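Source file start-v8.cif; content: mmCIF, C-alpha atoms and all ligand atoms.
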```cif
data_protein
#
loop_
_atom_site.label_atom_id
_atom_site.label_comp_id
_atom_site.auth_asym_id
_atom_site.auth_seq_id
_atom_site.Cartn_x
_atom_site.Cartn_y
_atom_site.Cartn_z
CA MET A 1 24.09 -76.03 125.60
CA ILE A 2 23.76 -79.26 123.61
CA LYS A 3 26.86 -81.36 122.93
CA LYS A 4 25.75 -84.31 120.81
CA ILE A 5 23.36 -84.35 117.85
CA GLY A 6 22.29 -87.03 115.37
CA VAL A 7 21.53 -86.83 111.67
CA LEU A 8 19.51 -89.26 109.55
CA THR A 9 17.98 -89.58 106.11
CA SER A 10 14.52 -91.06 105.81
CA GLY A 11 11.94 -91.98 103.16
CA GLY A 12 12.78 -92.05 99.45
CA ASP A 13 16.36 -90.91 98.93
CA SER A 14 17.17 -87.84 96.86
CA PRO A 15 20.34 -86.45 95.27
CA GLY A 16 21.85 -83.89 97.61
CA MET A 17 21.13 -85.75 100.85
CA ASN A 18 24.85 -86.45 101.24
CA ALA A 19 25.60 -82.76 100.85
CA ALA A 20 23.08 -81.98 103.61
CA ILE A 21 24.57 -84.60 105.99
CA ARG A 22 28.04 -83.20 105.29
CA ALA A 23 26.92 -79.66 106.08
CA VAL A 24 25.24 -80.74 109.33
CA ALA A 25 28.34 -82.66 110.40
CA ARG A 26 30.91 -80.04 109.38
CA VAL A 27 29.05 -77.03 110.77
CA GLY A 28 28.17 -79.02 113.89
CA ALA A 29 31.82 -80.01 114.45
CA LEU A 30 32.95 -76.43 113.92
CA GLU A 31 30.51 -75.36 116.63
CA GLY A 32 31.96 -77.93 119.03
CA LEU A 33 29.25 -80.59 118.63
CA GLU A 34 29.72 -84.32 118.27
CA VAL A 35 27.62 -85.33 115.28
CA TYR A 36 26.36 -88.91 115.04
CA GLY A 37 25.15 -90.58 111.88
CA ILE A 38 21.99 -92.65 112.36
CA TYR A 39 21.87 -95.38 109.70
CA ASN A 40 18.76 -96.33 107.69
CA GLY A 41 16.42 -93.61 108.92
CA TYR A 42 14.18 -94.09 111.93
CA LYS A 43 14.83 -97.83 111.73
CA GLY A 44 18.46 -97.28 112.68
CA MET A 45 17.36 -95.00 115.49
CA VAL A 46 15.19 -97.76 116.94
CA ASP A 47 17.88 -100.41 116.40
CA GLY A 48 20.69 -98.21 117.75
CA ASP A 49 22.57 -98.27 114.45
CA ILE A 50 24.43 -95.09 115.31
CA GLU A 51 28.03 -93.98 114.79
CA LEU A 52 30.09 -90.84 115.40
CA LEU A 53 30.76 -89.11 112.06
CA THR A 54 34.38 -88.22 111.40
CA ARG A 55 35.99 -86.30 108.53
CA ASP A 56 36.59 -89.67 106.83
CA HIS A 57 32.86 -90.31 106.52
CA LEU A 58 32.40 -86.92 104.89
CA SER A 59 35.09 -86.72 102.27
CA ASP A 60 34.06 -87.34 98.66
CA VAL A 61 30.34 -87.40 99.42
CA LEU A 62 29.32 -83.95 98.20
CA ASP A 63 28.96 -85.01 94.58
CA ARG A 64 27.50 -88.45 95.26
CA GLY A 65 23.84 -89.30 94.76
CA GLY A 66 21.88 -91.40 97.24
CA THR A 67 22.68 -91.21 100.94
CA PHE A 68 25.69 -92.86 102.55
CA LEU A 69 23.68 -93.18 105.77
CA GLY A 70 21.07 -95.28 103.98
CA SER A 71 17.35 -94.61 104.14
CA ALA A 72 14.20 -96.51 104.98
CA ARG A 73 10.49 -96.04 105.44
CA LEU A 74 9.22 -97.06 108.89
CA PRO A 75 5.43 -96.64 109.13
CA GLU A 76 5.59 -98.18 112.65
CA PHE A 77 7.30 -95.01 113.86
CA LYS A 78 3.76 -93.62 114.28
CA GLU A 79 3.43 -95.91 117.29
CA ILE A 80 4.48 -94.41 120.60
CA GLU A 81 6.08 -97.67 121.80
CA VAL A 82 8.37 -97.72 118.77
CA ARG A 83 9.33 -94.08 119.32
CA LYS A 84 10.05 -94.78 122.98
CA LYS A 85 12.62 -97.39 121.90
CA ALA A 86 14.19 -94.79 119.60
CA VAL A 87 14.39 -92.24 122.41
CA GLU A 88 16.04 -94.85 124.66
CA GLN A 89 18.69 -95.49 122.02
CA LEU A 90 19.34 -91.77 121.60
CA GLN A 91 19.67 -91.35 125.36
CA LYS A 92 22.05 -94.30 125.51
CA HIS A 93 24.33 -92.44 123.07
CA GLY A 94 23.79 -89.09 124.82
CA ILE A 95 22.19 -87.63 121.69
CA GLU A 96 20.05 -84.65 122.64
CA ALA A 97 18.80 -83.41 119.26
CA VAL A 98 18.43 -84.74 115.71
CA VAL A 99 18.40 -83.41 112.15
CA VAL A 100 15.99 -85.41 109.99
CA ILE A 101 16.39 -85.19 106.22
CA GLY A 102 13.39 -86.49 104.28
CA GLY A 103 9.84 -85.91 103.09
CA ASP A 104 6.57 -85.19 104.86
CA GLY A 105 6.37 -88.62 106.55
CA SER A 106 9.78 -87.97 108.06
CA TYR A 107 8.59 -84.53 109.19
CA ARG A 108 5.80 -86.15 111.22
CA GLY A 109 8.32 -88.38 112.99
CA ALA A 110 10.48 -85.33 113.77
CA ALA A 111 7.52 -83.43 115.24
CA ALA A 112 6.53 -86.43 117.37
CA LEU A 113 10.07 -86.91 118.69
CA THR A 114 10.32 -83.22 119.58
CA LYS A 115 7.18 -83.63 121.70
CA MET A 116 8.98 -86.46 123.50
CA GLY A 117 11.86 -84.16 124.49
CA ILE A 118 14.29 -84.68 121.59
CA ASN A 119 14.55 -81.44 119.64
CA CYS A 120 14.38 -82.22 115.93
CA ILE A 121 14.83 -80.06 112.86
CA ALA A 122 13.59 -81.42 109.53
CA ILE A 123 15.21 -80.71 106.16
CA PRO A 124 13.23 -81.29 102.93
CA GLY A 125 14.97 -84.07 101.02
CA THR A 126 12.75 -85.44 98.25
CA ILE A 127 12.66 -85.28 94.46
CA ASP A 128 8.89 -84.66 94.60
CA ASN A 129 9.02 -80.95 95.59
CA ASP A 130 5.88 -81.62 97.59
CA ILE A 131 6.83 -79.82 100.80
CA THR A 132 4.85 -76.61 100.73
CA SER A 133 6.90 -74.71 103.31
CA THR A 134 9.84 -74.48 100.91
CA ASP A 135 10.13 -73.19 97.36
CA SER A 136 12.35 -76.14 96.52
CA THR A 137 13.26 -79.48 98.06
CA ILE A 138 16.73 -81.04 97.92
CA GLY A 139 16.89 -83.33 94.88
CA PHE A 140 14.13 -81.75 92.82
CA ASP A 141 16.52 -79.82 90.59
CA THR A 142 18.64 -82.92 89.93
CA ALA A 143 15.61 -85.09 89.18
CA LEU A 144 14.27 -82.39 86.87
CA ASN A 145 17.56 -82.40 84.97
CA THR A 146 17.38 -86.18 84.67
CA VAL A 147 13.83 -86.04 83.30
CA VAL A 148 14.69 -83.29 80.83
CA ASP A 149 17.74 -85.17 79.60
CA ALA A 150 15.66 -88.35 79.07
CA VAL A 151 12.77 -86.57 77.36
CA ASP A 152 15.11 -84.68 75.02
CA LYS A 153 16.48 -88.06 73.94
CA LEU A 154 13.01 -89.53 73.51
CA ARG A 155 12.05 -86.59 71.32
CA ASP A 156 14.88 -87.38 68.89
CA THR A 157 13.63 -90.89 68.28
CA SER A 158 9.92 -89.96 68.37
CA ASN A 159 10.59 -87.41 65.69
CA SER A 160 12.18 -89.99 63.40
CA HIS A 161 9.20 -92.36 63.65
CA HIS A 162 6.13 -90.10 63.85
CA ARG A 163 5.59 -91.30 67.37
CA CYS A 164 4.06 -90.00 70.54
CA SER A 165 6.14 -90.65 73.65
CA VAL A 166 4.04 -91.06 76.76
CA VAL A 167 6.43 -90.44 79.64
CA GLU A 168 5.56 -91.23 83.25
CA VAL A 169 7.44 -89.20 85.83
CA MET A 170 7.50 -89.45 89.64
CA GLY A 171 6.11 -86.87 92.05
CA ASN A 172 3.83 -88.72 94.45
CA ARG A 173 0.66 -86.68 93.74
CA CYS A 174 2.65 -83.48 93.28
CA GLY A 175 2.76 -82.38 89.62
CA ASP A 176 5.90 -80.24 89.80
CA LEU A 177 8.27 -82.70 88.11
CA ALA A 178 5.77 -83.14 85.27
CA LEU A 179 4.97 -79.46 84.93
CA PHE A 180 8.52 -78.13 85.10
CA SER A 181 9.89 -80.81 82.78
CA GLY A 182 6.97 -80.34 80.39
CA ILE A 183 7.78 -76.65 80.04
CA ALA A 184 11.53 -77.28 79.84
CA CYS A 185 11.14 -79.96 77.15
CA GLY A 186 8.40 -78.31 75.13
CA ALA A 187 5.99 -81.20 75.69
CA GLU A 188 2.68 -81.18 73.86
CA ILE A 189 0.60 -82.31 76.83
CA ILE A 190 1.12 -82.40 80.60
CA VAL A 191 -1.11 -84.46 82.88
CA THR A 192 -0.90 -84.15 86.67
CA ALA A 193 -3.21 -84.76 89.61
CA GLN A 194 -3.81 -81.01 89.53
CA THR A 195 -4.71 -80.80 85.80
CA GLY A 196 -6.86 -83.95 85.93
CA PHE A 197 -6.92 -86.57 83.18
CA ASP A 198 -9.64 -86.84 80.55
CA GLU A 199 -8.41 -89.60 78.26
CA ILE A 200 -10.70 -88.74 75.33
CA GLU A 201 -9.72 -85.07 75.52
CA VAL A 202 -6.01 -85.94 75.42
CA LEU A 203 -6.48 -88.34 72.49
CA ASP A 204 -8.46 -85.65 70.61
CA ALA A 205 -5.75 -83.09 71.28
CA LEU A 206 -3.14 -85.51 69.91
CA LYS A 207 -5.22 -86.05 66.74
CA GLU A 208 -5.32 -82.30 66.33
CA PHE A 209 -1.52 -82.02 66.74
CA ASP A 210 -1.12 -84.64 64.02
CA ILE A 211 -3.66 -83.33 61.51
CA SER A 212 -3.93 -79.54 61.86
CA LYS A 213 -0.61 -78.66 63.41
CA LYS A 214 1.22 -81.24 61.30
CA LYS A 215 3.52 -82.19 64.18
CA LYS A 216 5.97 -84.98 63.41
CA HIS A 217 5.96 -86.22 66.99
CA ALA A 218 4.39 -85.52 70.35
CA ILE A 219 5.45 -85.77 73.98
CA VAL A 220 2.91 -86.41 76.73
CA ILE A 221 4.27 -86.13 80.27
CA ILE A 222 2.13 -87.81 82.90
CA SER A 223 2.64 -87.84 86.67
CA GLU A 224 2.78 -91.30 88.21
CA LYS A 225 -0.31 -92.87 89.84
CA ILE A 226 -2.74 -91.35 87.31
CA THR A 227 -3.10 -93.93 84.57
CA ASP A 228 -1.46 -97.01 83.08
CA VAL A 229 0.83 -95.39 80.53
CA GLU A 230 1.39 -98.63 78.56
CA SER A 231 -2.30 -99.04 77.95
CA PHE A 232 -2.71 -95.33 77.19
CA ALA A 233 0.13 -95.49 74.63
CA ARG A 234 -1.71 -98.35 72.90
CA LYS A 235 -4.81 -96.14 72.66
CA VAL A 236 -2.68 -93.39 71.15
CA SER A 237 -1.67 -95.83 68.39
CA GLN A 238 -5.29 -96.92 67.92
CA PHE A 239 -7.05 -93.55 67.90
CA THR A 240 -4.55 -90.93 66.69
CA GLY A 241 -2.16 -90.66 63.76
CA PHE A 242 0.82 -91.19 66.06
CA SER A 243 2.27 -94.49 67.07
CA GLY A 244 2.34 -94.46 70.89
CA ARG A 245 5.24 -95.63 73.04
CA ALA A 246 5.33 -95.54 76.82
CA THR A 247 8.39 -94.85 78.98
CA VAL A 248 8.29 -95.10 82.74
CA LEU A 249 11.33 -93.18 83.97
CA GLY A 250 11.04 -94.71 87.44
CA HIS A 251 13.84 -94.73 89.97
CA VAL A 252 16.42 -93.41 87.53
CA GLN A 253 14.95 -90.03 88.58
CA ARG A 254 16.16 -90.57 92.14
CA GLY A 255 19.80 -91.21 91.26
CA GLY A 256 22.77 -89.32 89.92
CA SER A 257 25.19 -86.69 91.10
CA PRO A 258 23.34 -83.70 92.58
CA THR A 259 23.32 -80.49 90.54
CA PRO A 260 25.30 -77.54 91.92
CA ASN A 261 21.97 -75.91 92.90
CA ASP A 262 20.99 -78.94 94.97
CA ARG A 263 24.43 -79.09 96.59
CA VAL A 264 24.28 -75.43 97.60
CA LEU A 265 20.67 -75.70 98.78
CA ALA A 266 21.50 -78.78 100.86
CA SER A 267 24.56 -77.08 102.38
CA ARG A 268 22.57 -73.97 103.30
CA MET A 269 19.78 -76.01 104.84
CA GLY A 270 22.20 -78.21 106.79
CA GLU A 271 23.85 -75.11 108.24
CA LYS A 272 20.49 -73.60 109.23
CA ALA A 273 19.35 -76.82 110.92
CA VAL A 274 22.43 -76.84 113.16
CA ASP A 275 22.05 -73.13 113.96
CA LEU A 276 18.43 -73.70 115.04
CA LEU A 277 19.38 -76.61 117.29
CA LEU A 278 22.17 -74.53 118.84
CA GLN A 279 19.55 -71.90 119.69
CA GLY A 280 17.59 -74.59 121.52
CA ILE A 281 14.89 -74.68 118.85
CA GLY A 282 13.16 -77.93 117.89
CA GLY A 283 10.01 -78.96 116.01
CA GLN A 284 10.85 -76.77 113.04
CA CYS A 285 11.65 -77.52 109.42
CA VAL A 286 14.01 -75.62 107.22
CA GLY A 287 12.85 -74.17 103.93
CA ILE A 288 13.92 -71.75 101.26
CA GLN A 289 11.46 -68.93 100.71
CA LYS A 290 12.19 -66.09 98.27
CA GLY A 291 15.90 -66.93 98.42
CA GLU A 292 16.11 -66.90 102.23
CA VAL A 293 16.66 -70.02 104.33
CA VAL A 294 14.00 -69.99 107.06
CA GLY A 295 12.72 -72.16 109.90
CA VAL A 296 9.00 -72.95 110.06
CA PRO A 297 7.17 -74.96 112.76
CA ILE A 298 6.64 -78.46 111.34
CA GLU A 299 2.95 -78.64 112.26
CA GLU A 300 2.36 -75.34 110.48
CA ALA A 301 4.41 -76.45 107.46
CA LEU A 302 2.39 -79.65 107.04
CA ASN A 303 -0.81 -77.60 106.83
CA ILE A 304 0.28 -75.10 104.19
CA PRO A 305 -1.83 -75.83 101.07
CA ARG A 306 -0.04 -76.72 97.85
CA VAL A 307 0.36 -73.80 95.43
CA SER A 308 -1.86 -74.31 92.41
CA ARG A 309 0.86 -73.60 89.79
CA LYS A 310 -1.90 -72.14 87.59
CA ASP A 311 0.56 -69.53 86.34
CA LEU A 312 2.92 -72.24 85.08
CA LYS A 313 0.09 -74.26 83.53
CA ASN A 314 -1.17 -71.12 81.77
CA LEU A 315 2.34 -70.42 80.52
CA PHE A 316 2.60 -73.99 79.23
CA ASP A 317 -0.76 -73.67 77.43
CA ARG A 318 0.42 -70.48 75.74
CA LEU A 319 3.65 -72.07 74.57
CA VAL A 320 2.25 -75.24 72.95
O1 LIG B 401 8.98 -89.69 97.38
C1 LIG B 401 9.90 -90.03 96.39
C2 LIG B 401 9.35 -91.09 95.48
O2 LIG B 401 10.32 -91.39 94.52
C3 LIG B 401 8.02 -90.77 94.81
O3 LIG B 401 8.18 -89.93 93.71
C4 LIG B 401 7.52 -92.16 94.48
O4 LIG B 401 6.11 -92.17 94.40
C5 LIG B 401 8.01 -92.99 95.63
O5 LIG B 401 9.08 -92.27 96.22
C6 LIG B 401 8.50 -94.36 95.24
O6 LIG B 401 8.81 -95.05 96.41
P1 LIG B 401 9.65 -96.39 96.46
O7 LIG B 401 11.08 -96.05 96.15
O8 LIG B 401 9.48 -96.86 97.86
O9 LIG B 401 9.10 -97.30 95.42
#
```

Render the structure in this file as C-alpha cells.
Amino acid sequence: MIKKIGVLTSGGDSPGMNAAIRAVARVGALEGLEVYGIYNGYKGMVDGDIELLTRDHLSDVLDRGGTFLGSARLPEFKEIEVRKKAVEQLQKHGIEAVVVIGGDGSYRGAAALTKMGINCIAIPGTIDNDITSTDSTIGFDTALNTVVDAVDKLRDTSNSHHRCSVVEVMGNRCGDLALFSGIACGAEIIVTAQTGFDEIEVLDALKEFDISKKKKHAIVIISEKITDVESFARKVSQFTGFSGRATVLGHVQRGGSPTPNDRVLASRMGEKAVDLLLQGIGGQCVGIQKGEVVGVPIEEALNIPRVSRKDLKNLFDRLV
C-alpha cells in the first residue's frame, strides 16, 4: 500500500487546477496518504522543489484561478537522463506515485515516468479542450465564459459603429473554444483548423451580411495560429461594408475564478486519480465520459482521434 504521493501542475495553467490539487490532497489525506506538492511542474520534480501539503496550503484555493503550485513547460523531460534525475528526487522524498495535472505534453511525461516505476495518473487541465479521452477538460468552461463575456461586450460597440469584430481565441489547434463561443455569442462566422480558412470566401460572406442581410455588425471568431487577425481586419475594412477591428483575447482566457462546473469537475477528477493510485493503478488518465468519471490508459487516450464537431458546425450554420 502506497504512503506518499506527489501532485503537480504542468503546461499552460487553467482555472480549476487549484480545485484539482485540493481534491487530490484532501482525499489523499483522508485515505491516510502524505500528499506532496511539486512546484513548477516537471521542473520542480527534477530540481527537488517539493513540499508536504498541509491544510494551510489548501484553504481559500478552490475559487482561485491559476495554480498555487506554479506551472512550467519542460521539453527536456523527454530525455531519459532528465527523467532519471526526477525519479531520484522522488525517491529521496519517498514519493511512490504522482498525480499530474496538465495537457497532452504532461500526459506523455506521466506515461514515461510510469514506465520507470513511478505510477502516475494524469488529469486533463487545459483551457483548450483538446484531450480526446474526456468530454471536457478542467478550465474549458471558465475560458468559454470569459470569451463569451468579452465577445458580448465587443458586439455592443461593433453594433454602434457598423463594425466587424475579428476575435482571435486560444485553443492550440483545437477549435472547441471558437466553436462553442461562436454558437453561444451568435457569431456570424467561425474559423477553426477544422473548418479551414478561405479568406476570399469569408470576405464575400461578410459583404453578403452587410448588403443582403442588412446586418449592423458582424462577429468573426478565429482560432489562434490560423491567420494574422490584424491584417485580416484591415482587409475587412477594405473589401466589405464593415469597418474591421481585431481583438486578440490572449492570456486573459487562462485567468479568472473557475466556474462552478470546473470546480466540481476538478474535484471529481482529483478524487478519481487518488482512488486509482490507491488501487495500484498507474499510466492512466482521468476523463469524464457521458457524465461518468473514468480512467483510460494514457497511451490509448493520446491516440483517440479528435471528434469532428460536424454536428455543432451544422447547428451553427443553421443558426446564422
Ligand atoms: O494550452 C493552453 C494555451 O493557452 C494554448 O491555448 C496556447 O496556444 C498556449 O497555451 C499558449 O502558451 P504560452 O502561455 O506558453 O504562451

Expected selection as a count of residues only for ligand LIG 401 (chain B) within 12 Å, only C-alpha atoms and all ligand atoms: 53

Within-9 Å shell of (10.3, -84.9, 76.2) in input frame, only C-alpha atoms, as a JSON list (two decimals) with C-alpha atoms, keeping the file's coordinate frame:
```json
[["chain", "number", "residue", "atom", "x", "y", "z"],
["A", 147, "VAL", "CA", 13.83, -86.04, 83.30],
["A", 148, "VAL", "CA", 14.69, -83.29, 80.83],
["A", 149, "ASP", "CA", 17.74, -85.17, 79.60],
["A", 150, "ALA", "CA", 15.66, -88.35, 79.07],
["A", 151, "VAL", "CA", 12.77, -86.57, 77.36],
["A", 152, "ASP", "CA", 15.11, -84.68, 75.02],
["A", 153, "LYS", "CA", 16.48, -88.06, 73.94],
["A", 154, "LEU", "CA", 13.01, -89.53, 73.51],
["A", 155, "ARG", "CA", 12.05, -86.59, 71.32],
["A", 156, "ASP", "CA", 14.88, -87.38, 68.89],
["A", 165, "SER", "CA", 6.14, -90.65, 73.65],
["A", 166, "VAL", "CA", 4.04, -91.06, 76.76],
["A", 167, "VAL", "CA", 6.43, -90.44, 79.64],
["A", 181, "SER", "CA", 9.89, -80.81, 82.78],
["A", 182, "GLY", "CA", 6.97, -80.34, 80.39],
["A", 184, "ALA", "CA", 11.53, -77.28, 79.84],
["A", 185, "CYS", "CA", 11.14, -79.96, 77.15],
["A", 186, "GLY", "CA", 8.40, -78.31, 75.13],
["A", 187, "ALA", "CA", 5.99, -81.20, 75.69],
["A", 188, "GLU", "CA", 2.68, -81.18, 73.86],
["A", 218, "ALA", "CA", 4.39, -85.52, 70.35],
["A", 219, "ILE", "CA", 5.45, -85.77, 73.98],
["A", 220, "VAL", "CA", 2.91, -86.41, 76.73],
["A", 221, "ILE", "CA", 4.27, -86.13, 80.27]]
```

Set the distance at 12 Å and use all atoms listed in the file: which residues neighbour Glu79 (chain A) once local chain neighbours fewer than 5 positions away are removed? I'd like the list as a PDB file with C-alpha atoms, keeping the file's coordinate frame.
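Just written: out32.pdb:
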```pdb
ATOM      1  CA  VAL A  46      15.190 -97.760 116.940  1.00  0.00           C
ATOM      2  CA  LEU A  74       9.220 -97.060 108.890  1.00  0.00           C
ATOM      3  CA  LYS A  84      10.050 -94.780 122.980  1.00  0.00           C
ATOM      4  CA  LYS A  85      12.620 -97.390 121.900  1.00  0.00           C
ATOM      5  CA  ALA A  86      14.190 -94.790 119.600  1.00  0.00           C
ATOM      6  CA  ARG A 108       5.800 -86.150 111.220  1.00  0.00           C
ATOM      7  CA  GLY A 109       8.320 -88.380 112.990  1.00  0.00           C
ATOM      8  CA  ALA A 112       6.530 -86.430 117.370  1.00  0.00           C
ATOM      9  CA  LEU A 113      10.070 -86.910 118.690  1.00  0.00           C
TER      10      LEU A 113
END
```

Among listed residues A:Arg64, A:Lys290, A:His217, A:Lys310, nearest Ser136 (chain A) (using only C-alpha atoms):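 The answer is A:Lys290, which sits nearest to Ser136 (chain A).
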
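Between CA of Gly287 (chain A) and CA of Glu51 (chain A) the separation is 27.2 Å.
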
One-decimal distance in Å that lies between CA of Val87 (chain A) and CA of Gly44 (chain A):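 Here the two named atoms are 11.7 Å from each other.
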
Complete region 87-105 of chain A at the level of N, CA, C and O atoms, written as a PDB file, in the coordinates of the input.
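As a result, result_12.pdb now contains:
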```
ATOM      1  N   VAL A  87      13.913 -93.224 121.431  1.00  0.00           N
ATOM      2  CA  VAL A  87      14.390 -92.240 122.410  1.00  0.00           C
ATOM      3  C   VAL A  87      15.391 -92.887 123.369  1.00  0.00           C
ATOM      4  O   VAL A  87      16.430 -92.306 123.698  1.00  0.00           O
ATOM      5  N   GLU A  88      15.097 -94.129 123.771  1.00  0.00           N
ATOM      6  CA  GLU A  88      16.040 -94.850 124.660  1.00  0.00           C
ATOM      7  C   GLU A  88      17.415 -94.977 124.016  1.00  0.00           C
ATOM      8  O   GLU A  88      18.435 -94.768 124.655  1.00  0.00           O
ATOM      9  N   GLN A  89      17.405 -95.332 122.728  1.00  0.00           N
ATOM     10  CA  GLN A  89      18.690 -95.490 122.020  1.00  0.00           C
ATOM     11  C   GLN A  89      19.438 -94.158 121.960  1.00  0.00           C
ATOM     12  O   GLN A  89      20.657 -94.107 122.146  1.00  0.00           O
ATOM     13  N   LEU A  90      18.688 -93.090 121.688  1.00  0.00           N
ATOM     14  CA  LEU A  90      19.340 -91.770 121.600  1.00  0.00           C
ATOM     15  C   LEU A  90      19.950 -91.416 122.957  1.00  0.00           C
ATOM     16  O   LEU A  90      21.091 -90.953 123.038  1.00  0.00           O
ATOM     17  N   GLN A  91      19.173 -91.671 124.016  1.00  0.00           N
ATOM     18  CA  GLN A  91      19.670 -91.350 125.360  1.00  0.00           C
ATOM     19  C   GLN A  91      20.916 -92.161 125.694  1.00  0.00           C
ATOM     20  O   GLN A  91      21.857 -91.663 126.304  1.00  0.00           O
ATOM     21  N   LYS A  92      20.897 -93.430 125.262  1.00  0.00           N
ATOM     22  CA  LYS A  92      22.050 -94.300 125.510  1.00  0.00           C
ATOM     23  C   LYS A  92      23.332 -93.695 124.900  1.00  0.00           C
ATOM     24  O   LYS A  92      24.407 -93.786 125.465  1.00  0.00           O
ATOM     25  N   HIS A  93      23.165 -93.051 123.737  1.00  0.00           N
ATOM     26  CA  HIS A  93      24.330 -92.440 123.070  1.00  0.00           C
ATOM     27  C   HIS A  93      24.536 -90.983 123.511  1.00  0.00           C
ATOM     28  O   HIS A  93      25.449 -90.317 123.018  1.00  0.00           O
ATOM     29  N   GLY A  94      23.675 -90.499 124.365  1.00  0.00           N
ATOM     30  CA  GLY A  94      23.790 -89.090 124.820  1.00  0.00           C
ATOM     31  C   GLY A  94      23.375 -88.077 123.767  1.00  0.00           C
ATOM     32  O   GLY A  94      23.738 -86.900 123.835  1.00  0.00           O
ATOM     33  N   ILE A  95      22.599 -88.542 122.771  1.00  0.00           N
ATOM     34  CA  ILE A  95      22.190 -87.630 121.690  1.00  0.00           C
ATOM     35  C   ILE A  95      20.953 -86.830 122.127  1.00  0.00           C
ATOM     36  O   ILE A  95      19.926 -87.401 122.504  1.00  0.00           O
ATOM     37  N   GLU A  96      21.112 -85.510 122.084  1.00  0.00           N
ATOM     38  CA  GLU A  96      20.050 -84.650 122.640  1.00  0.00           C
ATOM     39  C   GLU A  96      19.140 -84.053 121.571  1.00  0.00           C
ATOM     40  O   GLU A  96      18.054 -83.555 121.878  1.00  0.00           O
ATOM     41  N   ALA A  97      19.581 -84.051 120.325  1.00  0.00           N
ATOM     42  CA  ALA A  97      18.800 -83.410 119.260  1.00  0.00           C
ATOM     43  C   ALA A  97      19.155 -84.086 117.930  1.00  0.00           C
ATOM     44  O   ALA A  97      20.234 -84.660 117.796  1.00  0.00           O
ATOM     45  N   VAL A  98      18.220 -84.005 116.973  1.00  0.00           N
ATOM     46  CA  VAL A  98      18.430 -84.740 115.710  1.00  0.00           C
ATOM     47  C   VAL A  98      18.011 -83.877 114.506  1.00  0.00           C
ATOM     48  O   VAL A  98      17.008 -83.158 114.557  1.00  0.00           O
ATOM     49  N   VAL A  99      18.788 -83.998 113.432  1.00  0.00           N
ATOM     50  CA  VAL A  99      18.400 -83.410 112.150  1.00  0.00           C
ATOM     51  C   VAL A  99      17.875 -84.542 111.268  1.00  0.00           C
ATOM     52  O   VAL A  99      18.562 -85.544 111.068  1.00  0.00           O
ATOM     53  N   VAL A 100      16.646 -84.379 110.796  1.00  0.00           N
ATOM     54  CA  VAL A 100      15.990 -85.410 109.990  1.00  0.00           C
ATOM     55  C   VAL A 100      15.860 -84.892 108.550  1.00  0.00           C
ATOM     56  O   VAL A 100      15.245 -83.854 108.317  1.00  0.00           O
ATOM     57  N   ILE A 101      16.447 -85.620 107.621  1.00  0.00           N
ATOM     58  CA  ILE A 101      16.390 -85.190 106.220  1.00  0.00           C
ATOM     59  C   ILE A 101      15.452 -86.132 105.475  1.00  0.00           C
ATOM     60  O   ILE A 101      15.704 -87.337 105.412  1.00  0.00           O
ATOM     61  N   GLY A 102      14.348 -85.612 104.948  1.00  0.00           N
ATOM     62  CA  GLY A 102      13.390 -86.490 104.280  1.00  0.00           C
ATOM     63  C   GLY A 102      12.150 -85.742 103.826  1.00  0.00           C
ATOM     64  O   GLY A 102      12.148 -84.509 103.739  1.00  0.00           O
ATOM     65  N   GLY A 103      11.093 -86.496 103.567  1.00  0.00           N
ATOM     66  CA  GLY A 103       9.840 -85.910 103.090  1.00  0.00           C
ATOM     67  C   GLY A 103       8.832 -85.737 104.204  1.00  0.00           C
ATOM     68  O   GLY A 103       9.184 -85.796 105.388  1.00  0.00           O
ATOM     69  N   ASP A 104       7.558 -85.562 103.839  1.00  0.00           N
ATOM     70  CA  ASP A 104       6.570 -85.190 104.860  1.00  0.00           C
ATOM     71  C   ASP A 104       6.349 -86.266 105.930  1.00  0.00           C
ATOM     72  O   ASP A 104       6.113 -85.949 107.101  1.00  0.00           O
ATOM     73  N   GLY A 105       6.496 -87.549 105.553  1.00  0.00           N
ATOM     74  CA  GLY A 105       6.370 -88.620 106.550  1.00  0.00           C
ATOM     75  C   GLY A 105       7.456 -88.477 107.606  1.00  0.00           C
ATOM     76  O   GLY A 105       7.212 -88.631 108.812  1.00  0.00           O
TER      77      GLY A 105
END
```
